[in-house]
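See below for work03.pdb, which holds PDB, C-alpha atoms.
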```pdb
ATOM      1  CA  MET A   1       7.905  78.667 -86.973  1.00  0.00           C
ATOM      2  CA  LYS A   2      11.550  78.946 -88.114  1.00  0.00           C
ATOM      3  CA  ALA A   3      11.948  82.249 -86.270  1.00  0.00           C
ATOM      4  CA  MET A   4      10.618  80.700 -83.054  1.00  0.00           C
ATOM      5  CA  THR A   5      12.972  77.762 -83.405  1.00  0.00           C
ATOM      6  CA  LYS A   6      15.942  80.029 -83.934  1.00  0.00           C
ATOM      7  CA  SER A   7      14.971  82.142 -80.948  1.00  0.00           C
ATOM      8  CA  ALA A   8      14.555  79.114 -78.749  1.00  0.00           C
ATOM      9  CA  ALA A   9      17.939  77.770 -79.841  1.00  0.00           C
ATOM     10  CA  SER A  10      19.578  81.104 -79.083  1.00  0.00           C
ATOM     11  CA  SER A  11      18.081  81.200 -75.596  1.00  0.00           C
ATOM     12  CA  GLU A  12      19.390  77.692 -74.919  1.00  0.00           C
ATOM     13  CA  THR A  13      22.937  78.404 -76.043  1.00  0.00           C
ATOM     14  CA  TRP A  14      23.205  81.910 -74.587  1.00  0.00           C
ATOM     15  CA  PRO A  15      24.306  80.846 -71.040  1.00  0.00           C
ATOM     16  CA  GLN A  16      27.088  78.667 -72.489  1.00  0.00           C
ATOM     17  CA  TYR A  17      28.149  81.497 -74.798  1.00  0.00           C
ATOM     18  CA  ARG A  18      28.349  83.921 -71.880  1.00  0.00           C
ATOM     19  CA  PHE A  19      30.472  81.463 -69.889  1.00  0.00           C
ATOM     20  CA  VAL A  20      32.913  80.937 -72.806  1.00  0.00           C
ATOM     21  CA  ARG A  21      33.121  84.672 -73.449  1.00  0.00           C
ATOM     22  CA  LYS A  22      33.821  85.303 -69.772  1.00  0.00           C
ATOM     23  CA  CYS A  23      36.640  82.752 -69.795  1.00  0.00           C
ATOM     24  CA  PHE A  24      38.362  84.432 -72.734  1.00  0.00           C
ATOM     25  CA  SER A  25      37.616  87.988 -71.597  1.00  0.00           C
ATOM     26  CA  HIS A  26      38.787  87.542 -68.014  1.00  0.00           C
ATOM     27  CA  PRO A  27      41.256  84.603 -67.935  1.00  0.00           C
ATOM     28  CA  ILE A  28      43.173  85.910 -64.943  1.00  0.00           C
ATOM     29  CA  GLN A  29      40.020  86.321 -62.855  1.00  0.00           C
ATOM     30  CA  MET A  30      38.851  82.854 -63.823  1.00  0.00           C
ATOM     31  CA  LEU A  31      42.236  81.371 -62.905  1.00  0.00           C
ATOM     32  CA  ARG A  32      42.202  83.114 -59.545  1.00  0.00           C
ATOM     33  CA  ALA A  33      38.706  81.830 -58.837  1.00  0.00           C
ATOM     34  CA  ALA A  34      39.760  78.273 -59.690  1.00  0.00           C
ATOM     35  CA  VAL A  35      42.797  78.475 -57.404  1.00  0.00           C
ATOM     36  CA  HIS A  36      40.640  79.897 -54.625  1.00  0.00           C
ATOM     37  CA  ARG A  37      38.240  76.964 -54.894  1.00  0.00           C
ATOM     38  CA  LEU A  38      41.118  74.503 -54.693  1.00  0.00           C
ATOM     39  CA  ARG A  39      42.538  76.186 -51.600  1.00  0.00           C
ATOM     40  CA  THR A  40      39.215  76.537 -49.802  1.00  0.00           C
ATOM     41  CA  LYS A  41      38.530  73.754 -47.308  1.00  0.00           C
ATOM     42  CA  PRO A  42      35.129  72.056 -47.431  1.00  0.00           C
ATOM     43  CA  LEU A  43      32.792  73.391 -44.738  1.00  0.00           C
ATOM     44  CA  GLU A  44      32.756  70.031 -42.953  1.00  0.00           C
ATOM     45  CA  ASN A  45      36.546  70.282 -42.429  1.00  0.00           C
ATOM     46  CA  LEU A  46      36.373  73.552 -40.523  1.00  0.00           C
ATOM     47  CA  PRO A  47      37.066  73.302 -36.763  1.00  0.00           C
ATOM     48  CA  ASP A  48      33.961  73.079 -34.537  1.00  0.00           C
ATOM     49  CA  CYS A  49      31.642  73.266 -37.551  1.00  0.00           C
ATOM     50  CA  PRO A  50      27.920  72.609 -37.002  1.00  0.00           C
ATOM     51  CA  ASP A  51      27.037  68.928 -37.117  1.00  0.00           C
ATOM     52  CA  LEU A  52      24.946  69.528 -40.229  1.00  0.00           C
ATOM     53  CA  PHE A  53      28.070  70.405 -42.254  1.00  0.00           C
ATOM     54  CA  GLY A  54      29.385  66.876 -41.802  1.00  0.00           C
ATOM     55  CA  VAL A  55      26.309  65.145 -43.179  1.00  0.00           C
ATOM     56  CA  TYR A  56      24.980  67.618 -45.750  1.00  0.00           C
ATOM     57  CA  ARG A  57      26.565  66.051 -48.850  1.00  0.00           C
ATOM     58  CA  PRO A  58      25.737  62.419 -47.952  1.00  0.00           C
ATOM     59  CA  LEU A  59      22.147  63.404 -47.163  1.00  0.00           C
ATOM     60  CA  LEU A  60      21.746  65.016 -50.574  1.00  0.00           C
ATOM     61  CA  GLN A  61      22.795  61.742 -52.176  1.00  0.00           C
ATOM     62  CA  HIS A  62      20.545  59.482 -50.070  1.00  0.00           C
ATOM     63  CA  PRO A  63      17.524  58.090 -51.971  1.00  0.00           C
ATOM     64  CA  ASP A  64      15.137  58.473 -48.996  1.00  0.00           C
ATOM     65  CA  VAL A  65      16.028  62.106 -48.274  1.00  0.00           C
ATOM     66  CA  ARG A  66      15.035  65.252 -50.124  1.00  0.00           C
ATOM     67  CA  ARG A  67      16.216  68.769 -49.471  1.00  0.00           C
ATOM     68  CA  ARG A  68      13.411  71.237 -48.774  1.00  0.00           C
ATOM     69  CA  PRO A  69      13.543  74.950 -47.897  1.00  0.00           C
ATOM     70  CA  GLY A  70      14.626  75.113 -44.258  1.00  0.00           C
ATOM     71  CA  GLY A  71      15.031  71.395 -43.710  1.00  0.00           C
ATOM     72  CA  TRP A  72      14.797  67.817 -44.936  1.00  0.00           C
ATOM     73  CA  GLU A  73      12.012  65.516 -46.024  1.00  0.00           C
ATOM     74  CA  TYR A  74      12.526  61.952 -44.866  1.00  0.00           C
ATOM     75  CA  ARG A  75       9.993  59.238 -45.593  1.00  0.00           C
ATOM     76  CA  GLY A  76       7.310  61.804 -46.334  1.00  0.00           C
ATOM     77  CA  ARG A  77       7.823  63.907 -43.178  1.00  0.00           C
ATOM     78  CA  PHE A  78       9.528  67.292 -42.913  1.00  0.00           C
ATOM     79  CA  TYR A  79      12.245  67.910 -40.321  1.00  0.00           C
ATOM     80  CA  PRO A  80      13.632  71.461 -39.816  1.00  0.00           C
ATOM     81  CA  ASP A  81      17.368  72.110 -40.054  1.00  0.00           C
ATOM     82  CA  TYR A  82      17.590  73.033 -36.380  1.00  0.00           C
ATOM     83  CA  LEU A  83      17.144  69.353 -35.541  1.00  0.00           C
ATOM     84  CA  THR A  84      20.393  68.461 -37.286  1.00  0.00           C
ATOM     85  CA  VAL A  85      22.849  71.173 -36.211  1.00  0.00           C
ATOM     86  CA  GLY A  86      23.340  69.971 -32.616  1.00  0.00           C
ATOM     87  CA  GLY A  87      22.552  71.752 -29.369  1.00  0.00           C
ATOM     88  CA  ALA A  88      19.111  70.216 -28.775  1.00  0.00           C
ATOM     89  CA  CYS A  89      19.742  70.747 -25.051  1.00  0.00           C
ATOM     90  CA  HIS A  90      19.063  74.481 -25.381  1.00  0.00           C
ATOM     91  CA  ALA A  91      15.382  73.686 -25.754  1.00  0.00           C
ATOM     92  CA  ILE A  92      15.238  72.173 -22.263  1.00  0.00           C
ATOM     93  CA  PHE A  93      17.710  74.290 -20.267  1.00  0.00           C
ATOM     94  CA  ARG A  94      15.062  76.610 -18.813  1.00  0.00           C
ATOM     95  CA  GLU A  95      12.959  73.702 -17.553  1.00  0.00           C
ATOM     96  CA  ALA A  96      15.937  71.681 -16.340  1.00  0.00           C
ATOM     97  CA  LEU A  97      17.336  74.568 -14.295  1.00  0.00           C
ATOM     98  CA  LYS A  98      14.158  74.590 -12.203  1.00  0.00           C
ATOM     99  CA  PHE A  99      15.283  71.223 -10.802  1.00  0.00           C
ATOM    100  CA  CYS A 100      19.038  71.063 -11.419  1.00  0.00           C
ATOM    101  CA  GLN A 101      20.454  73.277  -8.680  1.00  0.00           C
ATOM    102  CA  GLY A 102      23.527  72.993  -6.509  1.00  0.00           C
ATOM    103  CA  THR A 103      26.469  70.835  -7.572  1.00  0.00           C
ATOM    104  CA  GLY A 104      25.861  68.637 -10.578  1.00  0.00           C
ATOM    105  CA  VAL A 105      27.119  67.287 -13.886  1.00  0.00           C
ATOM    106  CA  ASP A 106      25.995  67.374 -17.485  1.00  0.00           C
ATOM    107  CA  VAL A 107      26.806  63.966 -18.978  1.00  0.00           C
ATOM    108  CA  GLY A 108      27.387  64.146 -22.728  1.00  0.00           C
ATOM    109  CA  ALA A 109      27.574  67.929 -22.546  1.00  0.00           C
ATOM    110  CA  GLY A 110      29.475  68.329 -25.807  1.00  0.00           C
ATOM    111  CA  LEU A 111      29.820  71.964 -26.831  1.00  0.00           C
ATOM    112  CA  TRP A 112      26.738  73.091 -24.905  1.00  0.00           C
ATOM    113  CA  PRO A 113      26.890  72.218 -21.170  1.00  0.00           C
ATOM    114  CA  LEU A 114      23.993  73.018 -18.861  1.00  0.00           C
ATOM    115  CA  PRO A 115      24.789  76.399 -17.242  1.00  0.00           C
ATOM    116  CA  GLY A 116      26.381  75.930 -13.823  1.00  0.00           C
ATOM    117  CA  SER A 117      27.090  72.226 -14.297  1.00  0.00           C
ATOM    118  CA  ILE A 118      30.327  70.262 -14.476  1.00  0.00           C
ATOM    119  CA  PRO A 119      30.544  69.134 -18.129  1.00  0.00           C
ATOM    120  CA  VAL A 120      31.398  65.508 -18.877  1.00  0.00           C
ATOM    121  CA  ASP A 121      31.897  64.183 -22.399  1.00  0.00           C
ATOM    122  CA  ILE A 122      33.929  61.436 -24.088  1.00  0.00           C
ATOM    123  CA  TRP A 123      34.249  63.325 -27.378  1.00  0.00           C
ATOM    124  CA  ARG A 124      34.332  67.116 -27.408  1.00  0.00           C
ATOM    125  CA  GLY A 125      33.763  70.353 -25.558  1.00  0.00           C
ATOM    126  CA  PRO A 126      34.969  71.594 -22.151  1.00  0.00           C
ATOM    127  CA  GLY A 127      34.160  68.265 -20.497  1.00  0.00           C
ATOM    128  CA  ALA A 128      36.177  66.078 -22.855  1.00  0.00           C
ATOM    129  CA  THR A 129      38.822  65.374 -20.210  1.00  0.00           C
ATOM    130  CA  LYS A 130      36.364  64.369 -17.468  1.00  0.00           C
ATOM    131  CA  THR A 131      34.420  61.202 -16.665  1.00  0.00           C
ATOM    132  CA  ILE A 132      31.617  60.713 -14.173  1.00  0.00           C
ATOM    133  CA  SER A 133      33.439  57.709 -12.695  1.00  0.00           C
ATOM    134  CA  GLU A 134      35.895  60.183 -11.157  1.00  0.00           C
ATOM    135  CA  ILE A 135      33.107  61.669  -9.032  1.00  0.00           C
ATOM    136  CA  THR A 136      32.467  60.355  -5.516  1.00  0.00           C
ATOM    137  CA  ASP A 137      29.292  58.359  -5.012  1.00  0.00           C
ATOM    138  CA  GLY A 138      26.519  60.218  -3.238  1.00  0.00           C
ATOM    139  CA  SER A 139      28.100  63.641  -3.746  1.00  0.00           C
ATOM    140  CA  LEU A 140      25.963  65.334  -6.418  1.00  0.00           C
ATOM    141  CA  ASP A 141      22.753  67.320  -6.216  1.00  0.00           C
ATOM    142  CA  TYR A 142      21.843  66.479  -9.802  1.00  0.00           C
ATOM    143  CA  VAL A 143      22.806  64.662 -12.974  1.00  0.00           C
ATOM    144  CA  PHE A 144      21.598  66.199 -16.226  1.00  0.00           C
ATOM    145  CA  SER A 145      21.923  64.579 -19.640  1.00  0.00           C
ATOM    146  CA  SER A 146      20.602  65.557 -23.052  1.00  0.00           C
ATOM    147  CA  HIS A 147      20.517  63.234 -26.077  1.00  0.00           C
ATOM    148  CA  CYS A 148      23.271  61.010 -24.720  1.00  0.00           C
ATOM    149  CA  LEU A 149      21.836  57.805 -23.282  1.00  0.00           C
ATOM    150  CA  GLU A 150      20.562  56.563 -26.668  1.00  0.00           C
ATOM    151  CA  HIS A 151      24.160  56.383 -27.925  1.00  0.00           C
ATOM    152  CA  ASN A 152      25.061  53.627 -25.454  1.00  0.00           C
ATOM    153  CA  GLU A 153      24.223  49.922 -25.631  1.00  0.00           C
ATOM    154  CA  ASN A 154      24.968  49.552 -21.920  1.00  0.00           C
ATOM    155  CA  TRP A 155      22.626  52.414 -21.049  1.00  0.00           C
ATOM    156  CA  GLU A 156      21.084  50.656 -18.034  1.00  0.00           C
ATOM    157  CA  GLU A 157      24.499  50.244 -16.429  1.00  0.00           C
ATOM    158  CA  LEU A 158      25.336  53.878 -17.152  1.00  0.00           C
ATOM    159  CA  LEU A 159      22.059  55.124 -15.711  1.00  0.00           C
ATOM    160  CA  ARG A 160      22.708  53.113 -12.565  1.00  0.00           C
ATOM    161  CA  GLU A 161      26.124  54.759 -12.226  1.00  0.00           C
ATOM    162  CA  TRP A 162      24.623  58.225 -12.714  1.00  0.00           C
ATOM    163  CA  VAL A 163      22.071  57.635  -9.977  1.00  0.00           C
ATOM    164  CA  SER A 164      24.796  56.306  -7.646  1.00  0.00           C
ATOM    165  CA  LYS A 165      26.531  59.687  -7.799  1.00  0.00           C
ATOM    166  CA  LEU A 166      23.479  61.473  -6.390  1.00  0.00           C
ATOM    167  CA  LYS A 167      22.825  62.407  -2.811  1.00  0.00           C
ATOM    168  CA  ARG A 168      19.580  61.197  -1.329  1.00  0.00           C
ATOM    169  CA  GLY A 169      16.974  63.544  -2.751  1.00  0.00           C
ATOM    170  CA  GLY A 170      19.207  64.343  -5.716  1.00  0.00           C
ATOM    171  CA  ILE A 171      17.783  64.913  -9.201  1.00  0.00           C
ATOM    172  CA  VAL A 172      18.344  63.040 -12.437  1.00  0.00           C
ATOM    173  CA  PHE A 173      17.044  64.948 -15.465  1.00  0.00           C
ATOM    174  CA  LEU A 174      17.009  63.175 -18.827  1.00  0.00           C
ATOM    175  CA  TYR A 175      16.207  64.756 -22.202  1.00  0.00           C
ATOM    176  CA  LEU A 176      15.938  62.209 -25.008  1.00  0.00           C
ATOM    177  CA  PRO A 177      14.869  61.856 -28.656  1.00  0.00           C
ATOM    178  CA  HIS A 178      11.210  60.936 -29.062  1.00  0.00           C
ATOM    179  CA  PRO A 179      10.481  57.541 -30.657  1.00  0.00           C
ATOM    180  CA  GLU A 180       8.228  59.234 -33.244  1.00  0.00           C
ATOM    181  CA  CYS A 181      11.155  61.180 -34.734  1.00  0.00           C
ATOM    182  CA  GLY A 182      12.105  59.372 -37.931  1.00  0.00           C
ATOM    183  CA  ILE A 183      15.482  61.014 -38.437  1.00  0.00           C
ATOM    184  CA  TRP A 184      16.658  59.703 -35.068  1.00  0.00           C
ATOM    185  CA  GLU A 185      15.661  56.107 -35.702  1.00  0.00           C
ATOM    186  CA  ILE A 186      18.453  53.545 -35.560  1.00  0.00           C
ATOM    187  CA  GLY A 187      19.992  53.234 -39.015  1.00  0.00           C
ATOM    188  CA  SER A 188      18.485  56.422 -40.460  1.00  0.00           C
ATOM    189  CA  PRO A 189      20.824  58.431 -42.742  1.00  0.00           C
ATOM    190  CA  PHE A 190      20.891  61.141 -40.074  1.00  0.00           C
ATOM    191  CA  VAL A 191      22.294  59.040 -37.214  1.00  0.00           C
ATOM    192  CA  GLY A 192      23.421  55.802 -38.854  1.00  0.00           C
ATOM    193  CA  THR A 193      24.672  53.457 -36.144  1.00  0.00           C
ATOM    194  CA  GLY A 194      25.186  56.301 -33.671  1.00  0.00           C
ATOM    195  CA  HIS A 195      21.950  55.483 -31.850  1.00  0.00           C
ATOM    196  CA  LYS A 196      22.039  52.063 -30.216  1.00  0.00           C
ATOM    197  CA  TRP A 197      18.468  51.804 -28.897  1.00  0.00           C
ATOM    198  CA  THR A 198      15.171  53.692 -28.845  1.00  0.00           C
ATOM    199  CA  PRO A 199      14.232  55.366 -25.543  1.00  0.00           C
ATOM    200  CA  THR A 200      10.565  55.836 -24.675  1.00  0.00           C
ATOM    201  CA  PRO A 201       9.007  57.715 -21.757  1.00  0.00           C
ATOM    202  CA  GLN A 202       7.690  54.442 -20.336  1.00  0.00           C
ATOM    203  CA  ILE A 203      11.078  52.692 -20.442  1.00  0.00           C
ATOM    204  CA  ILE A 204      12.866  55.618 -18.792  1.00  0.00           C
ATOM    205  CA  LYS A 205      10.302  56.023 -16.000  1.00  0.00           C
ATOM    206  CA  SER A 206      10.327  52.303 -15.284  1.00  0.00           C
ATOM    207  CA  SER A 207      14.127  52.134 -15.217  1.00  0.00           C
ATOM    208  CA  LEU A 208      14.398  55.077 -12.847  1.00  0.00           C
ATOM    209  CA  ALA A 209      11.824  53.509 -10.528  1.00  0.00           C
ATOM    210  CA  GLN A 210      13.885  50.312 -10.413  1.00  0.00           C
ATOM    211  CA  LEU A 211      16.897  52.413  -9.385  1.00  0.00           C
ATOM    212  CA  GLY A 212      15.052  53.848  -6.388  1.00  0.00           C
ATOM    213  CA  CYS A 213      13.937  57.131  -7.965  1.00  0.00           C
ATOM    214  CA  SER A 214      10.473  58.665  -8.028  1.00  0.00           C
ATOM    215  CA  VAL A 215       9.345  60.716 -11.009  1.00  0.00           C
ATOM    216  CA  ALA A 216       9.004  64.373 -10.020  1.00  0.00           C
ATOM    217  CA  ALA A 217       7.981  65.800 -13.405  1.00  0.00           C
ATOM    218  CA  PHE A 218       7.931  64.812 -17.053  1.00  0.00           C
ATOM    219  CA  ASP A 219       6.728  65.641 -20.555  1.00  0.00           C
ATOM    220  CA  ASP A 220       6.144  62.667 -22.827  1.00  0.00           C
ATOM    221  CA  GLY A 221       6.380  64.938 -25.881  1.00  0.00           C
ATOM    222  CA  PRO A 222       7.248  65.184 -28.604  1.00  0.00           C
ATOM    223  CA  ASP A 223       8.210  68.828 -28.142  1.00  0.00           C
ATOM    224  CA  ALA A 224       9.568  71.210 -30.821  1.00  0.00           C
ATOM    225  CA  MET A 225      12.840  69.263 -30.770  1.00  0.00           C
ATOM    226  CA  PHE A 226      10.988  65.941 -31.232  1.00  0.00           C
ATOM    227  CA  SER A 227      12.139  65.014 -27.729  1.00  0.00           C
ATOM    228  CA  PHE A 228      10.750  64.131 -24.295  1.00  0.00           C
ATOM    229  CA  TRP A 229      12.031  64.577 -20.757  1.00  0.00           C
ATOM    230  CA  VAL A 230      11.818  62.882 -17.383  1.00  0.00           C
ATOM    231  CA  CYS A 231      12.912  64.337 -14.040  1.00  0.00           C
ATOM    232  CA  ALA A 232      13.223  61.976 -11.074  1.00  0.00           C
ATOM    233  CA  ARG A 233      14.352  62.243  -7.457  1.00  0.00           C
ATOM    234  CA  LYS A 234      16.548  59.674  -5.722  1.00  0.00           C
ATOM    235  CA  GLN A 235      14.754  58.203  -2.703  1.00  0.00           C
ATOM    236  CA  ALA A 236      17.132  55.565  -1.392  1.00  0.00           C
TER     237      ALA A 236
END
```

In structure tokens, how does this file's structure come out?
Amino acid sequence: MKAMTKSAASSETWPQYRFVRKCFSHPIQMLRAAVHRLRTKPLENLPDCPDLFGVYRPLLQHPDVRRRPGGWEYRGRFYPDYLTVGGACHAIFREALKFCQGTGVDVGAGLWPLPGSIPVDIWRGPGATKTISEITDGSLDYVFSSHCLEHNENWEELLREWVSKLKRGGIVFLYLPHPECGIWEIGSPFVGTGHKWTPTPQIIKSSLAQLGCSVAAFDDGPDAMFSFWVCARKQA
């Protein structure tokens, strides 16, 4: 029994012993490593870093969130990392381009504008200097927007403005977070107060109808990005 106890004690102290021995054996290397860590910027401070870098540390500290291989568990449901790095629009580009042809804008384009569109964004990316209000009413063939409308309290007013920019027969294509996606709920640790309301397929279709648009195609989802889309054509 004594031998087992001694062995167990040795195995417990061995890692600490190795660390101390390394410090005394290679002091210069250890000093260099310490200086390097001090000089290295946190990942979230790098320019144009993935969105996940900015929330990784707070998420690890949140009581309702647990890190799992390849993603996060939130309130008992697993969400892959690709949902939190930005660029959800890539999942819908192929479908959107079937309808969004001619001259059009991508509202809230960020770093990933719809190919061939004029990017518009209030925050970042190639469209950061543009606003849709600068565009002449009735001049566009389409308005595309991905995961943008839910960030605005005055979304109905914005949607009305978007539709006003379309020609008769023009397309409005909206890609939005699905209401079943827990990490995109208002107040979740993943979006905080960034989302102002919860879009649903029914609300979007009804709002577009009130603005004189007829639904041309849709998918109520949720798809792989926990999102849904609605494509409508301006009639009046």

What are the nearest atom pairs, with distances in Å to one decimal, for all residues of range 83-128 of chain A that come at most 9 Å from range 50-69 of chain A, using all atoms listed in the file, set out by chain and rising residue number as a tab-separated table?
```
residue	atom	partner	partner_atom	distance
A:Thr84	CA	A:Leu52	CA	5.5
A:Val85	CA	A:Leu52	CA	4.8
A:Gly86	CA	A:Asp51	CA	5.9
```

Quick one: what's the axis-aligned box for range 168-175 of chain A, all listed atoms, 5 Å on every side, centre and edges in Å to one decimal, as AutoDock Vina command-line options?
```
--center_x 17.9 --center_y 63.1 --center_z -11.8 --size_x 13.4 --size_y 13.8 --size_z 30.9
```

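CA of Glu73 in chain A is positioned 10.2 Å from CA of Gly182 in chain A.
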
Between CA of Asp106 in chain A and CA of Arg160 in chain A - distance in Å to one decimal: 15.4 Å

Residues matched by the PyMOL selection byres ((chain A and resi 114) around 9) as a PyMOL selection string: chain A and resi 89-90+93+96-97+105-106+109+112-113+115-119+144-145
